[in-house]
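Trainee: Sharing a structure, written as structure tokens. Questions coming.
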Amino acid sequence: MRTTWNSFANSRLLFGPGSLDLLGQVVGQFQAKRVMIFSDPILESLGVLKRAAKLITGKTYIFSDGEAEPSTNMVRKCIALHQDFKPDVVVAIGGGSNMDLAKMTCAAVSSGKEPESLFGFDQIPGPIGPLICIPTTAGTGSESSASAVVLNSCDGKKAAALSSRLRPEVAIIDPELALTCPPKLTAESGIDALTHAIEAYLAVEFYRLKEFESGPRPYEGNHPLGDLYAEKAIRLVGEHLIEATKNSQNIEARAGMALAAYLGGLAFSNCGVTLAHALEYPIGSRYECSHGIGNGIVLPGVMRYMRPVRESRIAKIGGFLGVTDSADEAINEVSRLREECGLPNCLSAVGAKREDLPSLAATAFSLKRLMELSPAEVSESDLLDILKESF
């Protein structure tokens with residue numbers, strides 16, 4: 001039986017309203033003379049990038065062409081820009097797509113490898129250089145996670161690179177930057193953060209997974225420190241998601257969701273995600289719905305499927321969310337949060353057809369690294385049943 005587990009986190013977290021103003025100080029501690037900023041046109045139009053650049057002493061290069069679904073071809077474009085400018089520090093500002101684009105670019109430049117060769121676990125041979133991530137949404141947890149997801153331009157499918165070397169050196173989380181985040185994106189991001197935390201809390205126990213002779217696993221399975229991250233993240237989502245969605249200027253709610261996303265990122269990137277994410281990947285790809293929407297649709301069904309082996313933990317989630325310690329109440333509350341945020345509650349709402357379900361289940365079942373993290377042994381027909389329930 002496995003007796004040990006690992007846990008990893010950023011070297012530094014700087015958190016709180018106004019923390020962006022300390023960006024220059026943080027960059028200065030790296031003695032950086034050249035800084036490359038990764039972001040997108042929306043944040044450029046809001047003046048966030050100009051503000052960030054003014055805080056930095058030295059030369060800055062702003063890449064503001066980030067997309068919602070960056071591809072390996074875009075990574076290659078950024079590699080050329082990085083190699084031409086030669087930054088001492090990279091700063092990523094925005095949602096998960098901007099942060100993941102920066103991660104993949106830094107990893108490709110530092111390793112000299114093609115972006116596609118970085119996919120999978122532990123394919124990054126060395127440090128990627130100082131990376132500072134500054135999220136403006138509260139959901140992906142990319143500011144604390146060890147993963148980067150982009151489209152593989154070779155086949156048009158999303159793919160993930162997994163390595164602790166992808167964790168940003170520093171995360172600066174300023175909840176004020178989320179005040180302009182629209183309600184729909186706030187809701188989608190928030191349900192994503194909730195899914196990260198719940199899946200980490202329900203994942204298979206660390207001692208039921210085999211050790212890797214070569215080093216740490218991509219995901220450790222559920223362990224005590226992961227429980228702390230996940231529980232706090234779930235509580236914060238229960239307290240603040242609806243308010244953040246309905247009252248965008250509530251800084252307390254924005255701060256609560258920002259911390260939930262960070263802790264959810266730590267929880268899932270250490271313990272793992274499992275069936276909800278496995279099902280979401282083909283759903284998001286086929287119907288072009290957001291990651292948060294896809295996760296939110298299948299999460300209640302996944303919780304019901306896991307109930308026979310996770311009854312007590314699911315009941316505790318009810319308490320974390322502010323309802324009774326009951327598995328039924330927990331699942332109902334997850335559904336209520338999703339619906340009160342205005343997100344779809346079924347697959348048909350995003351364009352799915354019943355005849356699509358078997359192929360979705362087959363694709364999800366092929367993701368063995370996520371299947372092994374399920375606390376209950378799962379078959380392809382089990383996944384199909386969850387999809388039918390979610391239809």
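Identifiers in the structure tokens: chain A, B, ... in order shown; residue index from 1 per chain; ligand index from 1 in order shown.
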How close does each residue of stretch 237-356 of chain A get to stretch 163-177 of chain A, giving the shortest atom pair and distance in Å to one decimal for every residue with an atom at most 7 Å away, counting only C-alpha atoms, sorted by chain and residue number, as JSON lines?

Mentor:
```
{"residue": "A:Ile251", "atom": "CA", "partner": "A:Pro175", "partner_atom": "CA", "distance": 6.7}
{"residue": "A:Arg254", "atom": "CA", "partner": "A:Pro175", "partner_atom": "CA", "distance": 5.5}
{"residue": "A:Ala255", "atom": "CA", "partner": "A:Pro175", "partner_atom": "CA", "distance": 5.0}
{"residue": "A:Ala258", "atom": "CA", "partner": "A:Pro175", "partner_atom": "CA", "distance": 6.3}
```

Trainee: Using only C-alpha atoms, which residues sit within 10 Å of A:Lys59 once same-chain residues fewer than 6 positions away are excluded, as a PyMOL selection string?

Mentor: chain A and resi 32-36+53+85+87

Trainee: Env of A:Phe268: 10 Å cut, atoms = only C-alpha atoms, seq-sep filter 2 positions within chain, self excluded. Answer as a ChimeraX atom specification.

Mentor: /A:141,144-146,193,195-201,203,219-222,226,229-230,263-266,270-274

Trainee: Please, could you write that set of residues out with N, CA and C atoms as a PDB file, in the first residue's frame?

Mentor:
```pdb
ATOM      1  N   GLY A 141      -8.037  28.501 -11.989  1.00  0.00           N
ATOM      2  CA  GLY A 141      -6.968  28.145 -11.065  1.00  0.00           C
ATOM      3  C   GLY A 141      -5.618  28.027 -11.727  1.00  0.00           C
ATOM      4  N   SER A 144      -2.411  28.862  -9.975  1.00  0.00           N
ATOM      5  CA  SER A 144      -1.826  27.988  -8.959  1.00  0.00           C
ATOM      6  C   SER A 144      -1.599  26.568  -9.451  1.00  0.00           C
ATOM      7  N   SER A 145      -2.051  26.246 -10.646  1.00  0.00           N
ATOM      8  CA  SER A 145      -2.023  24.854 -11.093  1.00  0.00           C
ATOM      9  C   SER A 145      -0.750  24.508 -11.852  1.00  0.00           C
ATOM     10  N   ALA A 146      -0.580  23.212 -12.056  1.00  0.00           N
ATOM     11  CA  ALA A 146       0.591  22.691 -12.759  1.00  0.00           C
ATOM     12  C   ALA A 146       0.226  22.224 -14.155  1.00  0.00           C
ATOM     13  N   ALA A 193     -14.525  26.538 -10.719  1.00  0.00           N
ATOM     14  CA  ALA A 193     -13.785  26.464  -9.453  1.00  0.00           C
ATOM     15  C   ALA A 193     -14.435  25.467  -8.497  1.00  0.00           C
ATOM     16  N   THR A 195     -16.255  22.846  -9.296  1.00  0.00           N
ATOM     17  CA  THR A 195     -16.014  21.497  -9.803  1.00  0.00           C
ATOM     18  C   THR A 195     -14.607  21.029  -9.456  1.00  0.00           C
ATOM     19  N   HIS A 196     -13.631  21.915  -9.616  1.00  0.00           N
ATOM     20  CA  HIS A 196     -12.252  21.555  -9.240  1.00  0.00           C
ATOM     21  C   HIS A 196     -12.192  21.080  -7.797  1.00  0.00           C
ATOM     22  N   ALA A 197     -12.806  21.857  -6.910  1.00  0.00           N
ATOM     23  CA  ALA A 197     -12.718  21.545  -5.483  1.00  0.00           C
ATOM     24  C   ALA A 197     -13.480  20.264  -5.136  1.00  0.00           C
ATOM     25  N   ILE A 198     -14.684  20.108  -5.673  1.00  0.00           N
ATOM     26  CA  ILE A 198     -15.485  18.923  -5.364  1.00  0.00           C
ATOM     27  C   ILE A 198     -14.829  17.663  -5.915  1.00  0.00           C
ATOM     28  N   GLU A 199     -14.319  17.720  -7.132  1.00  0.00           N
ATOM     29  CA  GLU A 199     -13.674  16.520  -7.691  1.00  0.00           C
ATOM     30  C   GLU A 199     -12.423  16.145  -6.909  1.00  0.00           C
ATOM     31  N   ALA A 200     -11.647  17.145  -6.479  1.00  0.00           N
ATOM     32  CA  ALA A 200     -10.465  16.841  -5.665  1.00  0.00           C
ATOM     33  C   ALA A 200     -10.873  16.209  -4.340  1.00  0.00           C
ATOM     34  N   TYR A 201     -11.949  16.687  -3.755  1.00  0.00           N
ATOM     35  CA  TYR A 201     -12.424  16.184  -2.453  1.00  0.00           C
ATOM     36  C   TYR A 201     -12.976  14.759  -2.564  1.00  0.00           C
ATOM     37  N   ALA A 203     -11.992  12.532  -5.022  1.00  0.00           N
ATOM     38  CA  ALA A 203     -11.078  11.660  -5.760  1.00  0.00           C
ATOM     39  C   ALA A 203     -10.664  10.446  -4.924  1.00  0.00           C
ATOM     40  N   TYR A 219      -1.214  13.334 -10.654  1.00  0.00           N
ATOM     41  CA  TYR A 219      -2.183  13.638  -9.603  1.00  0.00           C
ATOM     42  C   TYR A 219      -1.977  12.631  -8.483  1.00  0.00           C
ATOM     43  N   GLU A 220      -2.011  13.113  -7.249  1.00  0.00           N
ATOM     44  CA  GLU A 220      -1.683  12.276  -6.098  1.00  0.00           C
ATOM     45  C   GLU A 220      -2.858  11.490  -5.546  1.00  0.00           C
ATOM     46  N   GLY A 221      -4.091  11.830  -5.954  1.00  0.00           N
ATOM     47  CA  GLY A 221      -5.250  11.292  -5.269  1.00  0.00           C
ATOM     48  C   GLY A 221      -5.552  12.126  -4.033  1.00  0.00           C
ATOM     49  N   ASN A 222      -6.684  11.854  -3.435  1.00  0.00           N
ATOM     50  CA  ASN A 222      -7.126  12.633  -2.275  1.00  0.00           C
ATOM     51  C   ASN A 222      -6.170  12.470  -1.102  1.00  0.00           C
ATOM     52  N   GLY A 226      -4.997  18.364   0.524  1.00  0.00           N
ATOM     53  CA  GLY A 226      -5.964  18.624  -0.532  1.00  0.00           C
ATOM     54  C   GLY A 226      -7.357  18.865   0.038  1.00  0.00           C
ATOM     55  N   TYR A 229      -7.610  22.511   1.166  1.00  0.00           N
ATOM     56  CA  TYR A 229      -7.812  23.404   0.025  1.00  0.00           C
ATOM     57  C   TYR A 229      -9.238  23.305  -0.494  1.00  0.00           C
ATOM     58  N   ALA A 230      -9.696  22.074  -0.704  1.00  0.00           N
ATOM     59  CA  ALA A 230     -11.002  21.849  -1.321  1.00  0.00           C
ATOM     60  C   ALA A 230     -12.143  22.341  -0.434  1.00  0.00           C
ATOM     61  N   LEU A 263      -7.523  28.288  -4.468  1.00  0.00           N
ATOM     62  CA  LEU A 263      -7.488  27.081  -3.646  1.00  0.00           C
ATOM     63  C   LEU A 263      -8.007  25.874  -4.427  1.00  0.00           C
ATOM     64  N   GLY A 264      -9.011  26.090  -5.263  1.00  0.00           N
ATOM     65  CA  GLY A 264      -9.480  24.998  -6.108  1.00  0.00           C
ATOM     66  C   GLY A 264      -8.398  24.524  -7.055  1.00  0.00           C
ATOM     67  N   GLY A 265      -7.596  25.480  -7.568  1.00  0.00           N
ATOM     68  CA  GLY A 265      -6.471  25.115  -8.424  1.00  0.00           C
ATOM     69  C   GLY A 265      -5.446  24.276  -7.685  1.00  0.00           C
ATOM     70  N   LEU A 266      -5.147  24.656  -6.452  1.00  0.00           N
ATOM     71  CA  LEU A 266      -4.218  23.859  -5.650  1.00  0.00           C
ATOM     72  C   LEU A 266      -4.788  22.477  -5.359  1.00  0.00           C
ATOM     73  N   ASN A 270      -3.120  19.034  -7.287  1.00  0.00           N
ATOM     74  CA  ASN A 270      -2.427  18.070  -6.434  1.00  0.00           C
ATOM     75  C   ASN A 270      -3.183  16.743  -6.364  1.00  0.00           C
ATOM     76  N   CYS A 271      -4.474  16.798  -6.064  1.00  0.00           N
ATOM     77  CA  CYS A 271      -5.247  15.566  -5.858  1.00  0.00           C
ATOM     78  C   CYS A 271      -5.801  14.995  -7.154  1.00  0.00           C
ATOM     79  N   GLY A 272      -6.222  15.875  -8.067  1.00  0.00           N
ATOM     80  CA  GLY A 272      -6.737  15.430  -9.352  1.00  0.00           C
ATOM     81  C   GLY A 272      -8.197  15.781  -9.564  1.00  0.00           C
ATOM     82  N   VAL A 273      -8.607  15.689 -10.808  1.00  0.00           N
ATOM     83  CA  VAL A 273     -10.020  15.736 -11.191  1.00  0.00           C
ATOM     84  C   VAL A 273     -10.343  14.408 -11.844  1.00  0.00           C
ATOM     85  N   THR A 274     -11.637  14.141 -11.988  1.00  0.00           N
ATOM     86  CA  THR A 274     -11.963  12.813 -12.479  1.00  0.00           C
ATOM     87  C   THR A 274     -13.146  12.831 -13.459  1.00  0.00           C
TER      88      THR A 274
END
```

Trainee: Just the residues within 8 Å of A:Glu231, please, counting only C-alpha atoms, with nothing from its chain fewer than 3 positions along; format it as a VMD selection string.

Mentor: chain A and resid 197 201 227 to 228 234 to 235 317 320

Trainee: Env of A:Gly284: 12 Å cut, atoms = only C-alpha atoms, seq-sep filter 4 positions within chain, self excluded. Answer as number ranges by chain.

Mentor: A: 69, 157-158, 276-280, 288-298, 347, 350-352, 360, 364

Trainee: I'd like to know which of A:Arg12, A:Leu337, A:Gly301, A:Ile242 is closest to A:Asp385, using only C-alpha atoms.

Mentor: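 Of all the options, A:Gly301 lies closest to A:Asp385.
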